[in-house]
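J.: Take this structure, written in structure tokens, and hold onto it; I'll ask about it next.
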Amino acid sequence: MTGPIPLVLLGCGGVGRAVLAQLLADDGRFRLLGAADRTGLLLGADPAAILDHKAAGRPLSDLGAGAWRWPERGTVLVDVAVGATGARWREALDRGLGVVTANKAPLASPDAPWDVWEPAWRAGRLGIGGTVGAGVPTATYLRALRDGGDVIHRIDAVVSGTLHFVVARIGAGQPLSDAVAEAASRGYTEPDPAIDLSGADVGRKLTILGRAAGLWDGAPAIEVTGLVPDGWRGLAPADLAARLRSLNAPLAARVRAARDEGRRLRFVGTADRTGVRCGLRDEPADSPLGRLGDAENGAVLHSARFDGVPTTLTGPGFGPDVTAKTLLADACAVARALRT
Ligand SMILES: NC(=O)c1ccc[n+]([C@@H]2O[C@H](COP(=O)([O-])OP(=O)(O)OC[C@H]3O[C@@H](n4cnc5c(N)ncnc54)[C@H](OP(=O)(O)O)[C@@H]3O)[C@@H](O)[C@H]2O)c1
């Protein structure tokens with residue numbers, strides 16, 4: 001690889017700022033050409049200035065951000081925005097740029113053009129490791145299995161940091177309502193915790209892994225049974241807390257029943273040829289998903305070649321810093337592919 005890797009950052013929220021902080025600590029492997037937020041693209045600014053400015057909650061337009069301009073070929077677009085950025089990816093790829101993403105929307109939406117993304121991902125010009133698994137390169141491993149001619153049948157995975165933390169705490173004897181309050185106070189939840197507890201994000205992540213595994217041509221059927229019903233989204237905090245308390249006793253009983261049989265509760269997503277299913281399951285305590293620590297995520301990959309002996313990937317799970325590291329690792333791999 002010659003010269004620092006040129007990057008443009010699309011989004012400067014929690015993950016974007018973690019990327020900026022890691023660029024500042026890096027030894028010159030990367031060169032930040034620009035950064036964008038919803039107010040526009042800022043070219044040529046110092047990462048430290050952008051970091052300070054966005055950490056203060058201010059828009060990049062204050063610093064002179066304006067209309068989008070395409071950078072040079074070989075630049076890697078780092079998508080840490082939210083929502084439908086797929087049009088930007090398409091044009092980036094058409095123009096000879098690479099893309100790495102933590103933003104799941106362009107990959108997981110029912111109408112995602114996976115037929116466009118898949119060749120770019122298989123060729124190494126699109127990096128999707130930041131969307132699922134944070135520090136555990138599950139998608140990359142799936143690609144390696146497929147490159148070796150293997151056929152993946154099923155994926156079982158624990159991929160929501162918030163749900164895993166809450167479920168692990170319940171398993172340790174904490175009431176659900178207290179576990180959710182603790183997760184919220186540590187900043188692990190959305191401002192409305194019911195969004196995390198609904199499990200919808202696990203459905204999106206398993207959709208991405210299933211697509212990466214080559215399980216479907218079109219959109220999968222998705223069935224998510226959340227820790228709380230979908231209709232609990234948008235409740236006032238006191239109402240949500242009261243409803244969570246109503247689940248304390250039944251969930252504690254479920255934990256005890258599982259424990260009596262040597263099992264542990266986990267919020268598991270499964271993808272197979274029939275689609276995606278997500279919900280609370282009890283797993284053997286000594287199984288890969290049963291053994292996961294509070295801050296880990298993991299995936300068990302069942303494939304034809306290793307039938308009966310699934311591949312297991314587990315490791316550090318969640319949050320902006322781990323995700324930013326994966327994005328920069330993906331950016332190195334994408335830049336390498338662009339330069340060959
Ligand atoms: N947080 C995590 O630990 C984590 C882990 C894995 C993946 N992710 C994913 O990574 C992405 C970023 O997460 P986050 O926590 O950093 O979100 P966030 O704090 O809400 O930040 C989102 C950023 O994207 C910008 N943005 C939104 N739409 C944009 C657009 N169309 N063009 C340019 N910028 C746009 C926002 O601009 P403004 O500043 O102007 O609002 C903001 O800077 C999300 O897709 C999330 O699902 C997050």
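Chain labels run A, B, ... following the order of the structure tokens; each chain numbers its residues from 1, and ligands are numbered from 1 in the order shown.
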Please identify all polymer residues within 10 Å of A:Ile208, counting only C-alpha atoms, omitting same-chain residues fewer than 2 positions from it, and present them as an mmCIF file with N, CA, C and O atoms, in the first residue's frame.

T.:
data_model
loop_
_atom_site.group_PDB
_atom_site.id
_atom_site.type_symbol
_atom_site.label_atom_id
_atom_site.label_comp_id
_atom_site.auth_asym_id
_atom_site.auth_seq_id
_atom_site.Cartn_x
_atom_site.Cartn_y
_atom_site.Cartn_z
ATOM 1 N N LYS A 104 -26.687 0.332 8.815
ATOM 2 C CA LYS A 104 -27.281 -0.927 8.329
ATOM 3 C C LYS A 104 -28.342 -0.696 7.256
ATOM 4 O O LYS A 104 -28.646 -1.602 6.478
ATOM 5 N N ALA A 105 -28.929 0.509 7.225
ATOM 6 C CA ALA A 105 -30.138 0.705 6.416
ATOM 7 C C ALA A 105 -29.968 0.277 4.947
ATOM 8 O O ALA A 105 -30.818 -0.448 4.423
ATOM 9 N N PRO A 106 -28.891 0.672 4.260
ATOM 10 C CA PRO A 106 -28.814 0.309 2.837
ATOM 11 C C PRO A 106 -28.661 -1.196 2.601
ATOM 12 O O PRO A 106 -28.928 -1.671 1.498
ATOM 13 N N LEU A 107 -28.261 -1.946 3.628
ATOM 14 C CA LEU A 107 -28.062 -3.398 3.479
ATOM 15 C C LEU A 107 -29.260 -4.194 3.962
ATOM 16 O O LEU A 107 -29.508 -5.302 3.486
ATOM 17 N N ALA A 108 -30.003 -3.641 4.931
ATOM 18 C CA ALA A 108 -31.020 -4.451 5.617
ATOM 19 C C ALA A 108 -32.440 -4.137 5.195
ATOM 20 O O ALA A 108 -33.347 -4.904 5.508
ATOM 21 N N SER A 109 -32.655 -3.030 4.481
ATOM 22 C CA SER A 109 -34.040 -2.685 4.134
ATOM 23 C C SER A 109 -34.587 -3.739 3.169
ATOM 24 O O SER A 109 -33.824 -4.379 2.440
ATOM 25 N N TRP A 114 -29.170 -5.801 -2.923
ATOM 26 C CA TRP A 114 -28.055 -6.691 -2.577
ATOM 27 C C TRP A 114 -27.343 -7.195 -3.829
ATOM 28 O O TRP A 114 -26.151 -7.480 -3.805
ATOM 29 N N ILE A 128 -18.564 -4.295 5.284
ATOM 30 C CA ILE A 128 -19.811 -4.237 6.055
ATOM 31 C C ILE A 128 -19.622 -4.689 7.512
ATOM 32 O O ILE A 128 -20.592 -4.841 8.242
ATOM 33 N N THR A 131 -21.412 -3.135 10.654
ATOM 34 C CA THR A 131 -22.860 -3.175 10.860
ATOM 35 C C THR A 131 -23.294 -4.239 11.867
ATOM 36 O O THR A 131 -24.338 -4.102 12.484
ATOM 37 N N VAL A 132 -22.526 -5.319 11.966
ATOM 38 C CA VAL A 132 -22.914 -6.445 12.825
ATOM 39 C C VAL A 132 -21.698 -6.966 13.560
ATOM 40 O O VAL A 132 -20.672 -7.227 12.932
ATOM 41 N N ALA A 139 -19.163 -11.152 9.171
ATOM 42 C CA ALA A 139 -19.451 -11.069 7.731
ATOM 43 C C ALA A 139 -18.213 -11.447 6.922
ATOM 44 O O ALA A 139 -18.308 -12.163 5.906
ATOM 45 N N VAL A 202 -32.025 -6.515 15.898
ATOM 46 C CA VAL A 202 -31.463 -7.865 15.729
ATOM 47 C C VAL A 202 -31.963 -8.450 14.399
ATOM 48 O O VAL A 202 -31.211 -9.100 13.663
ATOM 49 N N GLY A 203 -33.240 -8.182 14.074
ATOM 50 C CA GLY A 203 -33.778 -8.629 12.784
ATOM 51 C C GLY A 203 -32.986 -8.048 11.623
ATOM 52 O O GLY A 203 -32.658 -8.755 10.662
ATOM 53 N N ARG A 204 -32.640 -6.757 11.738
ATOM 54 C CA ARG A 204 -31.865 -6.115 10.654
ATOM 55 C C ARG A 204 -30.477 -6.745 10.556
ATOM 56 O O ARG A 204 -29.971 -7.016 9.458
ATOM 57 N N LYS A 205 -29.852 -6.992 11.701
ATOM 58 C CA LYS A 205 -28.488 -7.552 11.673
ATOM 59 C C LYS A 205 -28.476 -8.959 11.094
ATOM 60 O O LYS A 205 -27.595 -9.319 10.310
ATOM 61 N N LEU A 206 -29.466 -9.762 11.478
ATOM 62 C CA LEU A 206 -29.509 -11.129 10.931
ATOM 63 C C LEU A 206 -29.843 -11.115 9.443
ATOM 64 O O LEU A 206 -29.422 -11.999 8.691
ATOM 65 N N GLY A 210 -27.527 -12.973 6.911
ATOM 66 C CA GLY A 210 -28.121 -13.966 6.011
ATOM 67 C C GLY A 210 -27.842 -13.645 4.560
ATOM 68 O O GLY A 210 -27.559 -14.540 3.750
ATOM 69 N N ARG A 211 -27.903 -12.354 4.235
ATOM 70 C CA ARG A 211 -27.568 -11.965 2.858
ATOM 71 C C ARG A 211 -26.098 -12.262 2.573
ATOM 72 O O ARG A 211 -25.754 -12.776 1.509
ATOM 73 N N ALA A 212 -25.236 -11.929 3.538
ATOM 74 C CA ALA A 212 -23.803 -12.191 3.359
ATOM 75 C C ALA A 212 -23.531 -13.692 3.226
ATOM 76 O O ALA A 212 -22.570 -14.103 2.576
ATOM 77 N N ALA A 213 -24.392 -14.497 3.852
ATOM 78 C CA ALA A 213 -24.213 -15.960 3.793
ATOM 79 C C ALA A 213 -24.780 -16.552 2.508
ATOM 80 O O ALA A 213 -24.603 -17.739 2.249
ATOM 81 N N GLY A 214 -25.472 -15.718 1.716
ATOM 82 C CA GLY A 214 -26.056 -16.219 0.470
ATOM 83 C C GLY A 214 -27.309 -17.054 0.704
ATOM 84 O O GLY A 214 -27.632 -17.936 -0.095
ATOM 85 N N ALA A 271 -30.847 -16.988 11.291
ATOM 86 C CA ALA A 271 -31.137 -16.833 9.856
ATOM 87 C C ALA A 271 -30.912 -18.179 9.196
ATOM 88 O O ALA A 271 -29.877 -18.822 9.414
#

J.: How close does each residue of chain A get to ligand 1, giving the shortest atom pair and distance in Å to one decimal for every residue with an atom at most 9 Å away, counting only C-alpha atoms and all ligand atoms, sorted by chain and residue number, as JSON lines?

T.:
{"residue": "A:Leu9", "atom": "CA", "partner": "ligand 1", "partner_atom_place_in_ligand_line": "33 (C)", "distance": 8.5}
{"residue": "A:Leu10", "atom": "CA", "partner": "ligand 1", "partner_atom_place_in_ligand_line": "33 (C)", "distance": 5.0}
{"residue": "A:Gly11", "atom": "CA", "partner": "ligand 1", "partner_atom_place_in_ligand_line": "24 (O)", "distance": 3.5}
{"residue": "A:Cys12", "atom": "CA", "partner": "ligand 1", "partner_atom_place_in_ligand_line": "43 (O)", "distance": 3.6}
{"residue": "A:Gly13", "atom": "CA", "partner": "ligand 1", "partner_atom_place_in_ligand_line": "21 (O)", "distance": 3.2}
{"residue": "A:Gly14", "atom": "CA", "partner": "ligand 1", "partner_atom_place_in_ligand_line": "16 (O)", "distance": 3.6}
{"residue": "A:Val15", "atom": "CA", "partner": "ligand 1", "partner_atom_place_in_ligand_line": "16 (O)", "distance": 3.7}
{"residue": "A:Gly16", "atom": "CA", "partner": "ligand 1", "partner_atom_place_in_ligand_line": "16 (O)", "distance": 5.4}
{"residue": "A:Arg17", "atom": "CA", "partner": "ligand 1", "partner_atom_place_in_ligand_line": "16 (O)", "distance": 7.4}
{"residue": "A:Ala18", "atom": "CA", "partner": "ligand 1", "partner_atom_place_in_ligand_line": "16 (O)", "distance": 8.3}
{"residue": "A:Ala35", "atom": "CA", "partner": "ligand 1", "partner_atom_place_in_ligand_line": "33 (C)", "distance": 8.4}
{"residue": "A:Ala36", "atom": "CA", "partner": "ligand 1", "partner_atom_place_in_ligand_line": "33 (C)", "distance": 5.1}
{"residue": "A:Asp37", "atom": "CA", "partner": "ligand 1", "partner_atom_place_in_ligand_line": "34 (N)", "distance": 3.6}
{"residue": "A:Arg38", "atom": "CA", "partner": "ligand 1", "partner_atom_place_in_ligand_line": "40 (O)", "distance": 3.9}
{"residue": "A:Thr39", "atom": "CA", "partner": "ligand 1", "partner_atom_place_in_ligand_line": "40 (O)", "distance": 5.7}
{"residue": "A:Gly40", "atom": "CA", "partner": "ligand 1", "partner_atom_place_in_ligand_line": "33 (C)", "distance": 6.8}
{"residue": "A:Leu41", "atom": "CA", "partner": "ligand 1", "partner_atom_place_in_ligand_line": "33 (C)", "distance": 7.8}
{"residue": "A:Lys54", "atom": "CA", "partner": "ligand 1", "partner_atom_place_in_ligand_line": "39 (O)", "distance": 6.9}
{"residue": "A:Gly57", "atom": "CA", "partner": "ligand 1", "partner_atom_place_in_ligand_line": "39 (O)", "distance": 7.4}
{"residue": "A:Arg58", "atom": "CA", "partner": "ligand 1", "partner_atom_place_in_ligand_line": "39 (O)", "distance": 7.6}
{"residue": "A:Pro59", "atom": "CA", "partner": "ligand 1", "partner_atom_place_in_ligand_line": "40 (O)", "distance": 5.8}
{"residue": "A:Leu60", "atom": "CA", "partner": "ligand 1", "partner_atom_place_in_ligand_line": "40 (O)", "distance": 7.4}
{"residue": "A:Asp79", "atom": "CA", "partner": "ligand 1", "partner_atom_place_in_ligand_line": "11 (C)", "distance": 7.4}
{"residue": "A:Val80", "atom": "CA", "partner": "ligand 1", "partner_atom_place_in_ligand_line": "11 (C)", "distance": 4.2}
{"residue": "A:Ala81", "atom": "CA", "partner": "ligand 1", "partner_atom_place_in_ligand_line": "24 (O)", "distance": 3.4}
{"residue": "A:Val82", "atom": "CA", "partner": "ligand 1", "partner_atom_place_in_ligand_line": "45 (O)", "distance": 3.9}
{"residue": "A:Gly83", "atom": "CA", "partner": "ligand 1", "partner_atom_place_in_ligand_line": "28 (N)", "distance": 6.4}
{"residue": "A:Ala84", "atom": "CA", "partner": "ligand 1", "partner_atom_place_in_ligand_line": "31 (N)", "distance": 7.2}
{"residue": "A:Thr85", "atom": "CA", "partner": "ligand 1", "partner_atom_place_in_ligand_line": "31 (N)", "distance": 6.2}
{"residue": "A:Thr101", "atom": "CA", "partner": "ligand 1", "partner_atom_place_in_ligand_line": "10 (O)", "distance": 7.5}
{"residue": "A:Ala102", "atom": "CA", "partner": "ligand 1", "partner_atom_place_in_ligand_line": "10 (O)", "distance": 4.3}
{"residue": "A:Asn103", "atom": "CA", "partner": "ligand 1", "partner_atom_place_in_ligand_line": "45 (O)", "distance": 3.4}
{"residue": "A:Lys104", "atom": "CA", "partner": "ligand 1", "partner_atom_place_in_ligand_line": "45 (O)", "distance": 5.8}
{"residue": "A:Ala105", "atom": "CA", "partner": "ligand 1", "partner_atom_place_in_ligand_line": "45 (O)", "distance": 7.0}
{"residue": "A:Gly130", "atom": "CA", "partner": "ligand 1", "partner_atom_place_in_ligand_line": "6 (C)", "distance": 5.9}
{"residue": "A:Thr131", "atom": "CA", "partner": "ligand 1", "partner_atom_place_in_ligand_line": "7 (C)", "distance": 5.1}
{"residue": "A:Val132", "atom": "CA", "partner": "ligand 1", "partner_atom_place_in_ligand_line": "6 (C)", "distance": 6.8}
{"residue": "A:Gly133", "atom": "CA", "partner": "ligand 1", "partner_atom_place_in_ligand_line": "6 (C)", "distance": 8.0}
{"residue": "A:Ala134", "atom": "CA", "partner": "ligand 1", "partner_atom_place_in_ligand_line": "6 (C)", "distance": 6.4}
{"residue": "A:Gly161", "atom": "CA", "partner": "ligand 1", "partner_atom_place_in_ligand_line": "3 (O)", "distance": 8.6}
{"residue": "A:Tyr188", "atom": "CA", "partner": "ligand 1", "partner_atom_place_in_ligand_line": "3 (O)", "distance": 8.3}
{"residue": "A:Asp201", "atom": "CA", "partner": "ligand 1", "partner_atom_place_in_ligand_line": "47 (O)", "distance": 8.5}
{"residue": "A:Phe318", "atom": "CA", "partner": "ligand 1", "partner_atom_place_in_ligand_line": "3 (O)", "distance": 6.0}
{"residue": "A:Gly319", "atom": "CA", "partner": "ligand 1", "partner_atom_place_in_ligand_line": "3 (O)", "distance": 3.5}
{"residue": "A:Pro320", "atom": "CA", "partner": "ligand 1", "partner_atom_place_in_ligand_line": "3 (O)", "distance": 4.0}
{"residue": "A:Asp321", "atom": "CA", "partner": "ligand 1", "partner_atom_place_in_ligand_line": "3 (O)", "distance": 7.5}
{"residue": "A:Val322", "atom": "CA", "partner": "ligand 1", "partner_atom_place_in_ligand_line": "3 (O)", "distance": 8.0}
{"residue": "A:Thr323", "atom": "CA", "partner": "ligand 1", "partner_atom_place_in_ligand_line": "5 (C)", "distance": 5.6}
{"residue": "A:Ala324", "atom": "CA", "partner": "ligand 1", "partner_atom_place_in_ligand_line": "5 (C)", "distance": 8.3}

J.: Export, as a short mmCIF file (atom, residue, chain, number, x, y, z; two decimals), in the first residue's frame, the selected residues with N, CA and C atoms.

T.:
data_model
loop_
_atom_site.label_atom_id
_atom_site.label_comp_id
_atom_site.auth_asym_id
_atom_site.auth_seq_id
_atom_site.Cartn_x
_atom_site.Cartn_y
_atom_site.Cartn_z
N LEU A 9 -15.73 11.01 5.77
CA LEU A 9 -16.62 10.53 6.83
C LEU A 9 -18.03 11.05 6.58
N LEU A 10 -18.98 10.12 6.46
CA LEU A 10 -20.38 10.50 6.26
C LEU A 10 -21.10 10.30 7.60
N GLY A 11 -21.21 11.37 8.40
CA GLY A 11 -21.81 11.27 9.73
C GLY A 11 -20.78 11.55 10.80
N CYS A 12 -21.14 12.36 11.77
CA CYS A 12 -20.22 12.73 12.85
C CYS A 12 -20.93 12.61 14.19
N GLY A 13 -21.70 11.54 14.38
CA GLY A 13 -22.36 11.29 15.66
C GLY A 13 -21.44 10.48 16.56
N GLY A 14 -22.02 9.61 17.40
CA GLY A 14 -21.21 8.84 18.35
C GLY A 14 -20.14 8.02 17.67
N VAL A 15 -20.49 7.29 16.62
CA VAL A 15 -19.50 6.43 15.95
C VAL A 15 -18.54 7.29 15.12
N GLY A 16 -19.08 8.31 14.44
CA GLY A 16 -18.22 9.20 13.65
C GLY A 16 -17.15 9.85 14.51
N ARG A 17 -17.55 10.29 15.71
CA ARG A 17 -16.57 10.94 16.59
C ARG A 17 -15.54 9.92 17.10
N ALA A 18 -15.96 8.67 17.30
CA ALA A 18 -14.99 7.64 17.70
C ALA A 18 -13.99 7.39 16.57
N ALA A 35 -15.54 15.59 6.01
CA ALA A 35 -16.53 14.98 6.89
C ALA A 35 -17.87 15.67 6.64
N ALA A 36 -18.94 14.87 6.74
CA ALA A 36 -20.28 15.43 6.49
C ALA A 36 -21.19 15.15 7.66
N ASP A 37 -22.10 16.07 7.90
CA ASP A 37 -23.26 15.78 8.75
C ASP A 37 -24.49 16.16 7.95
N ARG A 38 -25.62 16.33 8.61
CA ARG A 38 -26.84 16.62 7.83
C ARG A 38 -26.82 18.02 7.23
N THR A 39 -25.86 18.86 7.67
CA THR A 39 -25.82 20.23 7.12
C THR A 39 -24.88 20.34 5.92
N GLY A 40 -24.17 19.29 5.58
CA GLY A 40 -23.32 19.36 4.40
C GLY A 40 -21.95 18.75 4.61
N LEU A 41 -21.11 18.88 3.57
CA LEU A 41 -19.77 18.29 3.56
C LEU A 41 -18.73 19.37 3.81
N LYS A 54 -18.31 18.94 16.80
CA LYS A 54 -19.47 18.04 16.84
C LYS A 54 -19.73 17.57 18.27
N GLY A 57 -22.04 19.58 19.94
CA GLY A 57 -23.40 19.53 19.42
C GLY A 57 -23.68 20.56 18.34
N ARG A 58 -22.63 21.01 17.65
CA ARG A 58 -22.84 22.08 16.67
C ARG A 58 -22.75 21.53 15.24
N PRO A 59 -23.44 22.18 14.29
CA PRO A 59 -23.45 21.68 12.92
C PRO A 59 -22.17 22.04 12.14
N LEU A 60 -21.81 21.20 11.18
CA LEU A 60 -20.61 21.49 10.38
C LEU A 60 -20.80 22.72 9.50
N ASP A 79 -19.34 5.33 6.03
CA ASP A 79 -20.73 5.69 6.29
C ASP A 79 -21.09 5.39 7.75
N VAL A 80 -21.16 6.46 8.53
CA VAL A 80 -21.59 6.35 9.93
C VAL A 80 -22.79 7.27 10.14
N ALA A 81 -23.60 7.36 9.08
CA ALA A 81 -24.83 8.13 9.14
C ALA A 81 -25.98 7.20 9.50
N VAL A 82 -27.18 7.70 9.45
CA VAL A 82 -28.37 6.87 9.67
C VAL A 82 -29.27 7.01 8.44
N GLY A 83 -29.98 5.93 8.13
CA GLY A 83 -30.99 6.01 7.06
C GLY A 83 -30.46 5.69 5.69
N ALA A 84 -31.22 6.13 4.69
CA ALA A 84 -31.03 5.66 3.31
C ALA A 84 -29.90 6.39 2.60
N THR A 85 -28.70 5.87 2.73
CA THR A 85 -27.53 6.47 2.08
C THR A 85 -27.09 5.66 0.86
N THR A 101 -19.07 0.67 6.10
CA THR A 101 -20.29 1.17 6.74
C THR A 101 -20.56 0.57 8.11
N ALA A 102 -21.10 1.44 8.99
CA ALA A 102 -21.75 0.97 10.21
C ALA A 102 -23.26 1.12 10.07
N ASN A 103 -23.66 1.85 9.04
CA ASN A 103 -25.07 2.14 8.79
C ASN A 103 -25.72 0.91 8.13
N LYS A 104 -26.69 0.33 8.82
CA LYS A 104 -27.28 -0.93 8.33
C LYS A 104 -28.34 -0.70 7.26
N ALA A 105 -28.93 0.51 7.22
CA ALA A 105 -30.14 0.70 6.42
C ALA A 105 -29.97 0.28 4.95
N GLY A 130 -18.72 -3.20 10.12
CA GLY A 130 -19.17 -2.28 11.17
C GLY A 130 -20.66 -2.36 11.47
N THR A 131 -21.41 -3.14 10.65
CA THR A 131 -22.86 -3.18 10.86
C THR A 131 -23.29 -4.24 11.87
N VAL A 132 -22.53 -5.32 11.97
CA VAL A 132 -22.91 -6.45 12.82
C VAL A 132 -21.70 -6.97 13.56
N GLY A 133 -21.83 -7.11 14.86
CA GLY A 133 -20.78 -7.84 15.58
C GLY A 133 -19.62 -7.01 16.07
N ALA A 134 -19.60 -5.72 15.71
CA ALA A 134 -18.54 -4.81 16.15
C ALA A 134 -17.16 -5.44 16.01
N GLY A 161 -26.00 -5.51 21.76
CA GLY A 161 -25.32 -5.22 23.02
C GLY A 161 -26.30 -4.92 24.13
N TYR A 188 -26.33 2.65 27.25
CA TYR A 188 -26.38 1.52 26.32
C TYR A 188 -27.66 1.50 25.49
N ASP A 201 -33.70 -4.34 15.76
CA ASP A 201 -32.34 -4.18 15.26
C ASP A 201 -31.65 -5.54 15.05
N PHE A 318 -19.53 -4.41 21.64
CA PHE A 318 -20.48 -3.36 21.33
C PHE A 318 -19.89 -1.97 21.52
N GLY A 319 -20.56 -1.01 20.93
CA GLY A 319 -20.25 0.38 21.21
C GLY A 319 -19.44 1.06 20.12
N PRO A 320 -19.41 2.39 20.19
CA PRO A 320 -18.77 3.19 19.14
C PRO A 320 -17.28 2.90 18.95
N ASP A 321 -16.53 2.68 20.05
CA ASP A 321 -15.08 2.54 19.89
C ASP A 321 -14.71 1.26 19.14
N VAL A 322 -15.35 0.15 19.54
CA VAL A 322 -15.06 -1.12 18.87
C VAL A 322 -15.51 -1.03 17.41
N THR A 323 -16.67 -0.42 17.20
CA THR A 323 -17.18 -0.29 15.83
C THR A 323 -16.23 0.55 14.97
N ALA A 324 -15.71 1.63 15.55
CA ALA A 324 -14.78 2.49 14.80
C ALA A 324 -13.51 1.73 14.42
#

J.: Would you please give, as a PyMOL selection string, all residues of stretch 145-335 of chain A that DSSP assigns to helix (DSSP H, G or I) based on the backbone?

T.: chain A and resi 145-147+161-171+176-185+193-197+200-212+230-232+237-260+320-335

J.: Between atom CA of A:Gln22 and atom CA of A:Pro316, what is the distance, to one decimal in Å?

T.: 17.5 Å

J.: Report, in Å to a single decimal, how far apart atom CA of A:Pro284 and atom CA of A:His302 are.

T.: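 Separation between atom CA of A:His302 and atom CA of A:Pro284: 17.2 Å.
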
J.: Between A:Pro113, A:Leu244, A:Ala219, A:Arg273, which is the closest to A:Trp232 once you count only C-alpha atoms?

T.: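 For A:Trp232, the nearest of the candidates is A:Leu244.
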
J.: Near A:Gly44, within 9 Å and counting only C-alpha atoms, which residues show up once chain neighbours fewer than 5 positions away are dropped, as an MDAnalysis selection string?

T.: chainID A and resid 32:35

J.: Include N, CA and C atoms and write out the residues we just selected as an mmCIF file, in the first residue's frame.

T.:
data_model
loop_
_atom_site.group_PDB
_atom_site.id
_atom_site.type_symbol
_atom_site.label_atom_id
_atom_site.label_comp_id
_atom_site.auth_asym_id
_atom_site.auth_seq_id
_atom_site.Cartn_x
_atom_site.Cartn_y
_atom_site.Cartn_z
ATOM 1 N N LEU A 32 -7.762 12.264 6.324
ATOM 2 C CA LEU A 32 -9.180 12.638 6.270
ATOM 3 C C LEU A 32 -9.359 13.800 5.285
ATOM 4 N N LEU A 33 -10.063 13.512 4.164
ATOM 5 C CA LEU A 33 -10.287 14.566 3.164
ATOM 6 C C LEU A 33 -11.464 15.447 3.558
ATOM 7 N N GLY A 34 -12.465 14.844 4.224
ATOM 8 C CA GLY A 34 -13.658 15.628 4.551
ATOM 9 C C GLY A 34 -14.574 14.865 5.473
ATOM 10 N N ALA A 35 -15.535 15.594 6.011
ATOM 11 C CA ALA A 35 -16.534 14.977 6.894
ATOM 12 C C ALA A 35 -17.870 15.665 6.637
#

J.: A:Ala168, A:Ala184, A:Leu313, A:Leu97: which is nearest A:Ala241, counting only C-alpha atoms?

T.: A:Ala184

J.: In Å, how far is it from atom CA of A:Ala253 to atom CA of A:Ala172?

T.: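 A separation of 12.6 Å between them.
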
J.: Give me, as a ChimeraX atom specification, all polymer residues having an atom no more than 9 Å from A:Gly234, counting only C-alpha atoms and skipping those fewer than 3 positions away in the same chain.

T.: /A:192,194-195,231,237,240

J.: Can you pull out the residues contacting A:Leu247? Cut-off 9 Å, using only C-alpha atoms, and skip same-chain residues under 6 positions away; I want them as a compact mmCIF listing (two decimals) with all heavy atoms, in the first residue's frame.

T.:
# COMPACT_ATOMS: atom_id res chain seq x y z
N PRO A 175 -34.03 -7.74 38.54
CA PRO A 175 -35.34 -7.60 37.88
C PRO A 175 -35.18 -6.87 36.54
O PRO A 175 -34.32 -5.99 36.41
CB PRO A 175 -36.16 -6.74 38.86
CG PRO A 175 -35.44 -6.83 40.16
CD PRO A 175 -33.98 -7.04 39.83
N LEU A 176 -36.04 -7.22 35.57
CA LEU A 176 -35.96 -6.61 34.25
C LEU A 176 -35.97 -5.08 34.34
O LEU A 176 -35.15 -4.40 33.69
CB LEU A 176 -37.15 -7.07 33.39
CG LEU A 176 -37.32 -6.32 32.06
CD1 LEU A 176 -36.22 -6.70 31.08
CD2 LEU A 176 -38.69 -6.60 31.44
N SER A 177 -36.89 -4.52 35.12
CA SER A 177 -37.02 -3.05 35.17
C SER A 177 -35.72 -2.41 35.67
O SER A 177 -35.30 -1.37 35.14
CB SER A 177 -38.19 -2.65 36.06
OG SER A 177 -38.11 -3.29 37.31
N VAL A 228 -39.96 -6.91 24.82
CA VAL A 228 -41.22 -6.22 25.11
C VAL A 228 -41.97 -6.06 23.79
O VAL A 228 -41.36 -6.07 22.73
CB VAL A 228 -40.99 -4.82 25.76
CG1 VAL A 228 -40.12 -4.94 26.98
CG2 VAL A 228 -40.41 -3.83 24.76
